[in-house]
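The next block is coords_26.txt, given as compact mmCIF, C-alpha atoms.
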# COMPACT_ATOMS: atom_id res chain seq x y z
CA MET A 1 35.85 25.25 -9.27
CA THR A 2 35.00 28.49 -7.49
CA VAL A 3 31.79 30.39 -7.95
CA SER A 4 32.25 33.60 -9.91
CA ASN A 5 29.93 36.54 -10.48
CA PRO A 6 29.62 37.97 -13.98
CA GLU A 7 29.41 41.66 -14.68
CA GLY A 8 26.26 43.24 -13.31
CA ALA A 9 25.97 40.68 -10.51
CA GLU A 10 28.08 42.51 -7.90
CA ASN A 11 25.05 43.16 -5.72
CA ARG A 12 23.89 39.51 -5.62
CA ASP A 13 24.39 37.46 -2.46
CA PRO A 14 27.31 34.99 -2.70
CA LEU A 15 26.80 31.25 -2.35
CA SER A 16 28.54 30.48 0.94
CA LEU A 17 28.62 27.66 3.44
CA THR A 18 26.76 28.34 6.66
CA PRO A 19 27.34 26.57 9.98
CA PRO A 20 25.12 23.48 10.47
CA GLN A 21 23.07 25.18 13.19
CA ALA A 22 22.86 28.57 11.51
CA PRO A 23 20.00 29.58 9.19
CA ASP A 24 20.67 29.47 5.47
CA PRO A 25 19.11 32.72 4.18
CA TRP A 26 19.54 31.68 0.54
CA GLY A 27 22.87 29.95 -0.14
CA VAL A 28 22.79 26.18 -0.47
CA LYS A 29 19.08 25.75 0.13
CA ARG A 30 18.20 28.41 -2.40
CA ALA A 31 20.35 26.73 -5.02
CA GLU A 32 18.93 23.27 -4.19
CA ASN A 33 15.36 24.54 -4.37
CA LEU A 34 16.05 26.19 -7.72
CA ILE A 35 17.59 23.04 -9.18
CA GLY A 36 14.79 20.90 -7.74
CA SER A 37 12.21 23.03 -9.55
CA LEU A 38 13.65 22.20 -12.98
CA THR A 39 11.80 19.82 -15.28
CA GLY A 40 12.64 16.18 -14.62
CA VAL A 41 14.63 16.81 -11.45
CA LEU A 42 13.43 14.76 -8.48
CA SER A 43 15.97 15.91 -5.89
CA ALA A 44 19.15 17.98 -5.66
CA ARG A 45 22.05 18.34 -3.23
CA VAL A 46 24.68 21.07 -3.35
CA VAL A 47 28.04 20.55 -1.60
CA VAL A 48 30.32 23.49 -0.82
CA THR A 49 33.75 23.81 0.76
CA PRO A 50 34.43 25.80 3.95
CA LEU A 51 35.54 28.65 1.65
CA GLY A 52 32.12 28.78 -0.02
CA GLU A 53 33.21 27.07 -3.23
CA VAL A 54 30.76 24.75 -4.95
CA SER A 55 32.54 21.41 -5.09
CA GLU A 56 29.69 19.06 -6.06
CA ILE A 57 26.09 19.14 -7.24
CA HIS A 58 24.21 15.85 -7.18
CA VAL A 59 20.83 15.54 -8.87
CA LEU A 60 18.35 12.70 -9.35
CA THR A 61 16.23 12.88 -12.49
CA THR A 62 13.65 10.87 -14.37
CA SER A 63 14.92 8.45 -16.98
CA ASP A 64 13.38 10.39 -19.85
CA MET A 65 15.75 13.34 -19.34
CA GLN A 66 19.15 13.39 -21.06
CA ALA A 67 21.98 13.98 -18.60
CA LYS A 68 23.64 16.60 -20.80
CA GLN A 69 20.41 18.55 -21.07
CA VAL A 70 19.94 18.41 -17.29
CA VAL A 71 23.46 19.82 -16.79
CA ARG A 72 22.81 22.63 -19.26
CA ASN A 73 19.50 23.45 -17.55
CA ILE A 74 21.20 23.64 -14.17
CA GLU A 75 23.99 25.87 -15.49
CA SER A 76 21.50 28.20 -17.16
CA ALA A 77 19.19 28.38 -14.13
CA LEU A 78 21.99 29.16 -11.68
CA MET A 79 23.37 31.83 -13.99
CA ALA A 80 20.00 33.46 -14.70
CA GLN A 81 18.54 33.33 -11.20
CA LEU A 82 21.57 33.55 -8.93
CA GLY A 83 24.31 34.89 -11.20
CA LEU A 84 26.44 31.81 -10.56
CA LYS A 85 28.74 30.36 -13.19
CA LEU A 86 29.81 26.75 -12.64
CA ASP A 87 32.06 24.19 -14.27
CA HIS A 88 29.76 21.51 -15.65
CA ARG A 89 32.10 18.86 -14.28
CA VAL A 90 30.92 19.47 -10.72
CA ILE A 91 27.39 18.38 -11.66
CA SER A 92 26.61 14.67 -11.21
CA VAL A 93 23.38 13.28 -12.67
CA ALA A 94 21.70 10.04 -11.61
CA GLN A 95 18.48 8.74 -13.13
CA THR A 96 15.62 6.53 -11.94
CA ALA A 97 12.72 4.90 -13.75
CA ASP A 98 10.40 5.00 -10.70
CA VAL A 99 9.30 8.58 -10.14
CA ARG A 100 6.49 8.03 -7.65
CA PRO A 101 6.65 10.06 -4.44
CA ILE A 102 7.81 8.06 -1.43
CA GLU A 103 4.36 8.38 0.16
CA GLN A 104 2.77 6.80 -2.92
CA MET A 105 5.36 4.02 -2.97
CA GLN A 106 4.63 3.22 0.67
CA GLU A 107 0.88 3.25 0.06
CA ASP A 108 1.24 0.96 -2.96
CA ALA A 109 3.42 -1.41 -0.93
CA VAL A 110 0.75 -1.66 1.74
CA LYS A 111 -1.96 -2.28 -0.85
CA ASN A 112 0.11 -4.96 -2.60
CA ARG A 113 0.78 -6.68 0.69
CA ALA A 114 -2.91 -6.58 1.56
CA LYS A 115 -3.82 -8.12 -1.78
CA LYS A 116 -1.38 -10.95 -1.18
CA ARG A 117 -2.43 -11.66 2.41
CA VAL A 118 -6.19 -11.14 2.57
CA VAL A 119 -8.58 -13.94 1.66
CA VAL A 120 -10.96 -12.85 -1.11
CA PHE A 121 -14.65 -13.78 -1.35
CA LYS A 122 -15.13 -15.12 -4.88
CA SER A 123 -18.68 -16.53 -5.10
CA LEU A 124 -21.70 -17.90 -3.26
CA ASP A 125 -24.33 -20.26 -4.68
CA VAL A 126 -27.52 -21.19 -2.82
CA ARG A 127 -29.88 -23.68 -4.43
CA PRO A 128 -32.49 -26.27 -3.42
CA SER A 129 -31.26 -29.73 -2.47
CA GLN A 130 -32.69 -32.97 -3.83
CA ARG A 131 -34.00 -33.62 -0.34
CA ALA A 132 -37.11 -31.70 0.62
CA GLN A 133 -36.80 -28.71 2.92
CA ARG A 134 -33.03 -28.55 2.42
CA VAL A 135 -30.63 -26.27 0.53
CA LEU A 136 -27.12 -26.63 -0.86
CA ILE A 137 -24.72 -23.78 -0.27
CA ARG A 138 -21.45 -23.57 -2.22
CA VAL A 139 -18.76 -21.04 -1.27
CA LYS A 140 -15.59 -20.17 -3.17
CA LEU A 141 -12.70 -18.21 -1.64
CA ALA A 142 -9.28 -17.25 -2.96
CA PHE A 143 -5.92 -16.58 -1.34
CA GLU A 144 -3.00 -15.30 -3.43
CA ASP A 145 -3.05 -17.53 -6.55
CA ARG A 146 -5.09 -20.37 -5.04
CA GLU A 147 -8.83 -21.01 -4.80
CA ALA A 148 -10.88 -23.33 -2.64
CA GLU A 149 -14.51 -24.38 -2.87
CA ALA A 150 -16.73 -26.12 -0.32
CA GLU A 151 -20.36 -27.19 -0.28
CA GLU A 152 -22.62 -27.65 2.72
CA GLN A 153 -26.22 -28.82 3.09
CA GLY A 154 -28.65 -27.44 5.65
CA THR A 155 -32.33 -27.29 6.44
CA ASP A 156 -34.17 -24.48 4.75
CA THR A 157 -34.34 -22.04 7.66
CA ILE A 158 -32.50 -18.76 7.99
CA ARG A 159 -30.54 -19.93 11.04
CA ASN A 160 -29.40 -23.16 9.37
CA ARG A 161 -28.59 -21.49 6.06
CA VAL A 162 -26.37 -19.01 7.89
CA GLU A 163 -24.59 -21.82 9.71
CA ALA A 164 -24.14 -23.87 6.51
CA ALA A 165 -22.65 -20.88 4.68
CA ALA A 166 -20.28 -20.14 7.56
CA ARG A 167 -19.25 -23.80 7.75
CA ALA A 168 -18.49 -23.89 4.01
CA ALA A 169 -16.42 -20.71 4.29
CA SER A 170 -14.48 -22.20 7.22
CA GLN A 171 -13.73 -25.33 5.20
CA CYS A 172 -12.40 -23.20 2.34
CA LEU A 173 -10.12 -21.35 4.73
CA ASP A 174 -8.88 -24.60 6.25
CA GLU A 175 -7.92 -25.77 2.76
CA LEU A 176 -6.31 -22.47 1.73
CA MET A 177 -4.23 -22.25 4.93
CA PRO A 178 -2.38 -25.58 5.29
CA ASP A 179 -0.28 -24.19 8.14
CA ASN A 180 -3.40 -23.35 10.17
CA SER A 181 -6.46 -25.22 11.32
CA ILE A 182 -9.83 -23.48 11.09
CA ALA A 183 -13.18 -24.85 12.22
CA LEU A 184 -16.56 -23.27 12.80
CA GLU A 185 -17.76 -23.12 16.41
CA GLY A 186 -21.15 -21.66 15.58
CA ALA A 187 -23.15 -19.06 13.67
CA THR A 188 -26.23 -17.07 14.53
CA ILE A 189 -28.21 -13.95 13.72
CA ILE A 190 -28.28 -11.06 16.16
CA GLU A 191 -30.12 -7.76 16.25
CA ALA A 192 -28.42 -4.50 17.24
CA PHE A 193 -28.89 -0.83 16.40
CA ASP A 194 -32.14 -1.63 14.59
CA ARG A 195 -30.27 -3.91 12.19
CA LYS A 196 -29.65 -7.63 11.78
CA PHE A 197 -26.15 -9.13 11.72
CA ALA A 198 -24.64 -12.52 11.02
CA MET A 199 -22.28 -13.43 13.86
CA VAL A 200 -19.86 -16.34 13.84
CA ALA A 201 -17.31 -17.90 16.16
CA VAL A 202 -14.37 -19.74 14.60
CA HIS A 203 -11.60 -21.78 16.19
CA GLY A 204 -8.21 -20.89 14.72
CA LEU A 205 -5.12 -22.95 15.45
CA GLY A 206 -1.77 -21.68 14.18
CA GLY A 207 1.28 -23.51 15.46
CA ARG A 208 0.66 -23.94 19.19
CA GLU A 209 -1.64 -20.94 19.47
CA ALA A 210 -5.38 -21.62 19.59
CA MET A 211 -7.85 -18.77 19.52
CA LEU A 212 -11.60 -18.33 19.41
CA LEU A 213 -12.22 -15.72 16.72
CA THR A 214 -15.47 -13.83 16.30
CA GLY A 215 -16.75 -11.79 13.40
CA THR A 216 -19.89 -10.00 12.28
CA ALA A 217 -21.41 -8.66 9.08
CA GLU A 218 -24.60 -6.72 8.59
CA ILE A 219 -27.24 -8.63 6.64
CA ARG A 220 -27.92 -6.71 3.45
CA GLU A 221 -28.04 -8.81 0.28
CA SER A 222 -28.58 -12.18 1.95
CA ALA A 223 -28.03 -13.88 5.30
CA GLU A 224 -25.77 -16.49 3.67
CA ARG A 225 -23.48 -13.90 2.12
CA SER A 226 -23.22 -12.06 5.42
CA ALA A 227 -22.28 -15.32 7.13
CA VAL A 228 -19.32 -15.77 4.77
CA LEU A 229 -18.27 -12.16 5.29
CA ALA A 230 -18.50 -12.65 9.05
CA VAL A 231 -16.11 -15.62 8.83
CA LEU A 232 -13.65 -13.48 6.86
CA ASP A 233 -14.09 -10.67 9.37
CA ALA A 234 -13.16 -13.09 12.15
CA THR A 235 -10.13 -14.61 10.46
CA ASN A 236 -8.45 -12.15 8.06
CA ARG A 237 -6.49 -10.18 10.64
CA TRP A 238 -5.52 -13.37 12.46
CA LEU A 239 -4.33 -15.00 9.24
CA ASP A 240 -2.38 -11.88 8.26
CA ARG A 241 -0.63 -11.89 11.61
Same coordinates, now as structure tokens:
Amino acid sequence: MTVSNPEGAENRDPLSLTPPQAPDPWGVKRAENLIGSLTGVLSARVVVTPLGEVSEIHVLTTSDMQAKQVVRNIESALMAQLGLKLDHRVISVAQTADVRPIEQMQEDAVKNRAKKRVVVFKSLDVRPSQRAQRVLIRVKLAFEDREAEAEEQGTDTIRNRVEAAARAASQCLDELMPDNSIALEGATIIEAFDRKFAMVAVHGLGGREAMLLTGTAEIRESAERSAVLAVLDATNRWLDR
């Protein structure tokens, strides 16, 4: 179907095909931008013949728009804004239920992947042991739909509580990751930048690859909590890889 101009539209620019390298002063791009601005339209593509005839118009719309209404809106917009009269049969309408921008879809995909891969700190319990001068430290971690819990006992000093918490966290990881082997090498408290940090070293064995992984966490709420976070800091990226 050729594009025709109604009475009073003689002075309007015609919709014509331009060479691929040449600028498109209004033509196809102007029509596509106009259609894309209509309610419910996500994208639009106008196809013309070498003679400047509109042969196809393809649009993608949200699922809550009726195809017939979309076609009528396109016909009315092209007539009112560009003075173009089209046969409705050249307009093809496709619909989608997911209307998020591609950037948002990519961001959500990354977040979903992170939620599936990263080990999550669930809980920490520190309480006195039945033996004098000792404490029991219980750590619970989660990975995907699984949880693991481990308990360690240590003498009631800051250094030993940090090591016991880190050891319990390492045991949880070893249970959650059956394809890897994880064991604590050591844990300590360091001072830097006028702050205190829990620092751990963890042996990670995945397949034939063995690595010494280190992690740190600033001590804020408690030294034991920071020790667990330091273990996760040391292992999360390695486990994700």
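Atom pair CA of Ala94 (chain A) / CA of Ser55 (chain A) has a distance of 17.0 Å (rounded to one decimal).
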**OP:** Kindly indicate which residue among A:Asn73, A:Ser123, A:Thr157, A:Ser43 lies nearest to Ala223 (chain A), using all atoms listed in the file for the distances.
**Re:** A:Thr157
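CA of Val28 (chain A) sits 11.4 Å away from CA of Glu56 (chain A).
The shortest atom-to-atom distance to Asp145 (chain A), with all atoms listed in the file taken into account, belongs to A:Val119 out of A:Val119, A:Thr39, A:Glu221, A:Leu229.
Picture a line from CA of Val54 (chain A) to CA of Gln81 (chain A); it runs 16.2 Å.
Checking A:Ser181, A:Ala169, A:Val70, A:Thr214 one by one against Val228 (chain A), counting only C-alpha atoms, you find the shortest gap at A:Ala169.
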I need region 24-161 of chain A from the structure I supplied, saved as a PDB file, in the first residue's frame with C-alpha atoms retained.
ATOM      1  CA  ASP A  24      17.093  10.515   7.922  1.00  0.00           C
ATOM      2  CA  PRO A  25      15.747  14.064   8.441  1.00  0.00           C
ATOM      3  CA  TRP A  26      12.297  12.791   9.432  1.00  0.00           C
ATOM      4  CA  GLY A  27      11.117   9.852   7.303  1.00  0.00           C
ATOM      5  CA  VAL A  28      11.353   6.417   8.876  1.00  0.00           C
ATOM      6  CA  LYS A  29      12.848   7.531  12.172  1.00  0.00           C
ATOM      7  CA  ARG A  30      10.240  10.219  12.635  1.00  0.00           C
ATOM      8  CA  ALA A  31       7.459   7.718  12.063  1.00  0.00           C
ATOM      9  CA  GLU A  32       9.081   5.150  14.391  1.00  0.00           C
ATOM     10  CA  ASN A  33       9.551   7.725  17.134  1.00  0.00           C
ATOM     11  CA  LEU A  34       5.939   8.830  16.799  1.00  0.00           C
ATOM     12  CA  ILE A  35       4.618   5.269  17.008  1.00  0.00           C
ATOM     13  CA  GLY A  36       6.959   4.489  19.911  1.00  0.00           C
ATOM     14  CA  SER A  37       5.513   7.402  21.886  1.00  0.00           C
ATOM     15  CA  LEU A  38       1.995   5.932  21.840  1.00  0.00           C
ATOM     16  CA  THR A  39       0.550   4.396  24.994  1.00  0.00           C
ATOM     17  CA  GLY A  40       1.505   0.752  25.444  1.00  0.00           C
ATOM     18  CA  VAL A  41       4.011   0.664  22.579  1.00  0.00           C
ATOM     19  CA  LEU A  42       7.439  -0.614  23.618  1.00  0.00           C
ATOM     20  CA  SER A  43       9.174  -0.480  20.239  1.00  0.00           C
ATOM     21  CA  ALA A  44       8.367   0.151  16.578  1.00  0.00           C
ATOM     22  CA  ARG A  45       9.986  -0.571  13.221  1.00  0.00           C
ATOM     23  CA  VAL A  46       8.872   0.871   9.894  1.00  0.00           C
ATOM     24  CA  VAL A  47       9.856  -0.884   6.642  1.00  0.00           C
ATOM     25  CA  VAL A  48       9.656   0.932   3.300  1.00  0.00           C
ATOM     26  CA  THR A  49      10.344  -0.082  -0.288  1.00  0.00           C
ATOM     27  CA  PRO A  50      12.978   1.597  -2.493  1.00  0.00           C
ATOM     28  CA  LEU A  51      10.100   3.667  -3.928  1.00  0.00           C
ATOM     29  CA  GLY A  52       9.259   5.090  -0.500  1.00  0.00           C
ATOM     30  CA  GLU A  53       6.159   2.956   0.040  1.00  0.00           C
ATOM     31  CA  VAL A  54       5.412   1.743   3.554  1.00  0.00           C
ATOM     32  CA  SER A  55       5.338  -2.031   3.257  1.00  0.00           C
ATOM     33  CA  GLU A  56       5.394  -3.086   6.930  1.00  0.00           C
ATOM     34  CA  ILE A  57       5.079  -1.618  10.409  1.00  0.00           C
ATOM     35  CA  HIS A  58       6.040  -3.877  13.302  1.00  0.00           C
ATOM     36  CA  VAL A  59       5.236  -2.879  16.872  1.00  0.00           C
ATOM     37  CA  LEU A  60       5.755  -4.503  20.258  1.00  0.00           C
ATOM     38  CA  THR A  61       3.202  -3.619  22.915  1.00  0.00           C
ATOM     39  CA  THR A  62       2.275  -4.501  26.470  1.00  0.00           C
ATOM     40  CA  SER A  63      -0.186  -7.334  26.948  1.00  0.00           C
ATOM     41  CA  ASP A  64      -2.876  -5.049  28.364  1.00  0.00           C
ATOM     42  CA  MET A  65      -3.347  -3.279  25.009  1.00  0.00           C
ATOM     43  CA  GLN A  66      -5.794  -4.655  22.441  1.00  0.00           C
ATOM     44  CA  ALA A  67      -4.169  -5.148  19.047  1.00  0.00           C
ATOM     45  CA  LYS A  68      -7.048  -3.502  17.180  1.00  0.00           C
ATOM     46  CA  GLN A  69      -6.833  -0.431  19.390  1.00  0.00           C
ATOM     47  CA  VAL A  70      -3.070  -0.229  18.840  1.00  0.00           C
ATOM     48  CA  VAL A  71      -3.605  -0.325  15.054  1.00  0.00           C
ATOM     49  CA  ARG A  72      -6.229   2.420  15.243  1.00  0.00           C
ATOM     50  CA  ASN A  73      -3.934   4.559  17.409  1.00  0.00           C
ATOM     51  CA  ILE A  74      -1.103   4.183  14.923  1.00  0.00           C
ATOM     52  CA  GLU A  75      -3.330   5.059  11.968  1.00  0.00           C
ATOM     53  CA  SER A  76      -4.701   8.119  13.745  1.00  0.00           C
ATOM     54  CA  ALA A  77      -1.270   9.329  14.919  1.00  0.00           C
ATOM     55  CA  LEU A  78       0.328   9.022  11.482  1.00  0.00           C
ATOM     56  CA  MET A  79      -2.590  10.824   9.874  1.00  0.00           C
ATOM     57  CA  ALA A  80      -2.735  13.630  12.440  1.00  0.00           C
ATOM     58  CA  GLN A  81       0.989  14.242  12.846  1.00  0.00           C
ATOM     59  CA  LEU A  82       2.443  13.314   9.465  1.00  0.00           C
ATOM     60  CA  GLY A  83      -0.564  13.362   7.144  1.00  0.00           C
ATOM     61  CA  LEU A  84      -0.002   9.720   6.238  1.00  0.00           C
ATOM     62  CA  LYS A  85      -2.858   7.366   5.452  1.00  0.00           C
ATOM     63  CA  LEU A  86      -2.064   3.650   5.705  1.00  0.00           C
ATOM     64  CA  ASP A  87      -3.787   0.345   5.109  1.00  0.00           C
ATOM     65  CA  HIS A  88      -4.203  -1.242   8.529  1.00  0.00           C
ATOM     66  CA  ARG A  89      -3.046  -4.557   7.077  1.00  0.00           C
ATOM     67  CA  VAL A  90       0.570  -3.386   6.940  1.00  0.00           C
ATOM     68  CA  ILE A  91       0.631  -3.010  10.731  1.00  0.00           C
ATOM     69  CA  SER A  92       1.779  -6.076  12.692  1.00  0.00           C
ATOM     70  CA  VAL A  93       1.320  -6.110  16.475  1.00  0.00           C
ATOM     71  CA  ALA A  94       3.189  -8.367  18.898  1.00  0.00           C
ATOM     72  CA  GLN A  95       2.655  -8.337  22.654  1.00  0.00           C
ATOM     73  CA  THR A  96       4.774  -9.166  25.692  1.00  0.00           C
ATOM     74  CA  ALA A  97       3.936  -9.577  29.366  1.00  0.00           C
ATOM     75  CA  ASP A  98       7.389  -8.434  30.575  1.00  0.00           C
ATOM     76  CA  VAL A  99       7.669  -4.692  30.047  1.00  0.00           C
ATOM     77  CA  ARG A 100      10.796  -3.977  32.084  1.00  0.00           C
ATOM     78  CA  PRO A 101      13.566  -2.057  30.315  1.00  0.00           C
ATOM     79  CA  ILE A 102      16.478  -4.232  29.234  1.00  0.00           C
ATOM     80  CA  GLU A 103      18.755  -2.497  31.742  1.00  0.00           C
ATOM     81  CA  GLN A 104      16.387  -3.426  34.570  1.00  0.00           C
ATOM     82  CA  MET A 105      16.133  -7.009  33.332  1.00  0.00           C
ATOM     83  CA  GLN A 106      19.924  -7.312  33.305  1.00  0.00           C
ATOM     84  CA  GLU A 107      20.194  -5.804  36.776  1.00  0.00           C
ATOM     85  CA  ASP A 108      17.534  -8.171  38.130  1.00  0.00           C
ATOM     86  CA  ALA A 109      19.315 -11.128  36.542  1.00  0.00           C
ATOM     87  CA  VAL A 110      22.542 -10.183  38.291  1.00  0.00           C
ATOM     88  CA  LYS A 111      20.763  -9.775  41.619  1.00  0.00           C
ATOM     89  CA  ASN A 112      18.984 -13.124  41.259  1.00  0.00           C
ATOM     90  CA  ARG A 113      22.235 -14.836  40.426  1.00  0.00           C
ATOM     91  CA  ALA A 114      23.911 -13.240  43.429  1.00  0.00           C
ATOM     92  CA  LYS A 115      21.127 -14.412  45.709  1.00  0.00           C
ATOM     93  CA  LYS A 116      21.549 -17.960  44.455  1.00  0.00           C
ATOM     94  CA  ARG A 117      25.345 -18.048  44.682  1.00  0.00           C
ATOM     95  CA  VAL A 118      26.297 -16.057  47.783  1.00  0.00           C
ATOM     96  CA  VAL A 119      26.371 -17.706  51.191  1.00  0.00           C
ATOM     97  CA  VAL A 120      24.100 -15.869  53.648  1.00  0.00           C
ATOM     98  CA  PHE A 121      24.850 -15.256  57.331  1.00  0.00           C
ATOM     99  CA  LYS A 122      21.758 -16.429  59.208  1.00  0.00           C
ATOM    100  CA  SER A 123      22.569 -16.307  62.938  1.00  0.00           C
ATOM    101  CA  LEU A 124      25.235 -16.286  65.643  1.00  0.00           C
ATOM    102  CA  ASP A 125      24.811 -17.446  69.246  1.00  0.00           C
ATOM    103  CA  VAL A 126      27.472 -16.958  71.923  1.00  0.00           C
ATOM    104  CA  ARG A 127      26.816 -18.361  75.386  1.00  0.00           C
ATOM    105  CA  PRO A 128      28.765 -19.643  78.402  1.00  0.00           C
ATOM    106  CA  SER A 129      29.885 -23.263  78.355  1.00  0.00           C
ATOM    107  CA  GLN A 130      29.369 -25.713  81.202  1.00  0.00           C
ATOM    108  CA  ARG A 131      33.120 -25.650  81.671  1.00  0.00           C
ATOM    109  CA  ALA A 132      34.491 -22.615  83.459  1.00  0.00           C
ATOM    110  CA  GLN A 133      36.210 -19.911  81.440  1.00  0.00           C
ATOM    111  CA  ARG A 134      34.836 -21.290  78.168  1.00  0.00           C
ATOM    112  CA  VAL A 135      32.139 -20.235  75.687  1.00  0.00           C
ATOM    113  CA  LEU A 136      30.037 -22.023  73.088  1.00  0.00           C
ATOM    114  CA  ILE A 137      29.643 -20.343  69.723  1.00  0.00           C
ATOM    115  CA  ARG A 138      26.984 -21.531  67.273  1.00  0.00           C
ATOM    116  CA  VAL A 139      26.913 -20.254  63.682  1.00  0.00           C
ATOM    117  CA  LYS A 140      24.225 -20.805  61.055  1.00  0.00           C
ATOM    118  CA  LEU A 141      24.752 -20.103  57.342  1.00  0.00           C
ATOM    119  CA  ALA A 142      22.556 -20.644  54.301  1.00  0.00           C
ATOM    120  CA  PHE A 143      23.240 -21.309  50.637  1.00  0.00           C
ATOM    121  CA  GLU A 144      20.378 -21.380  48.124  1.00  0.00           C
ATOM    122  CA  ASP A 145      17.704 -23.526  49.843  1.00  0.00           C
ATOM    123  CA  ARG A 146      20.032 -25.251  52.318  1.00  0.00           C
ATOM    124  CA  GLU A 147      21.216 -24.333  55.808  1.00  0.00           C
ATOM    125  CA  ALA A 148      24.105 -25.557  57.919  1.00  0.00           C
ATOM    126  CA  GLU A 149      24.870 -25.076  61.591  1.00  0.00           C
ATOM    127  CA  ALA A 150      28.081 -25.684  63.533  1.00  0.00           C
ATOM    128  CA  GLU A 151      29.116 -25.211  67.145  1.00  0.00           C
ATOM    129  CA  GLU A 152      32.587 -24.612  68.519  1.00  0.00           C
ATOM    130  CA  GLN A 153      33.943 -24.224  72.046  1.00  0.00           C
ATOM    131  CA  GLY A 154      36.772 -21.890  73.001  1.00  0.00           C
ATOM    132  CA  THR A 155      38.364 -20.256  75.989  1.00  0.00           C
ATOM    133  CA  ASP A 156      36.762 -17.011  77.029  1.00  0.00           C
ATOM    134  CA  THR A 157      39.255 -14.596  75.483  1.00  0.00           C
ATOM    135  CA  ILE A 158      38.677 -12.308  72.528  1.00  0.00           C
ATOM    136  CA  ARG A 159      41.329 -14.043  70.407  1.00  0.00           C
ATOM    137  CA  ASN A 160      39.919 -17.527  71.057  1.00  0.00           C
ATOM    138  CA  ARG A 161      36.305 -16.454  70.604  1.00  0.00           C
TER     139      ARG A 161
END
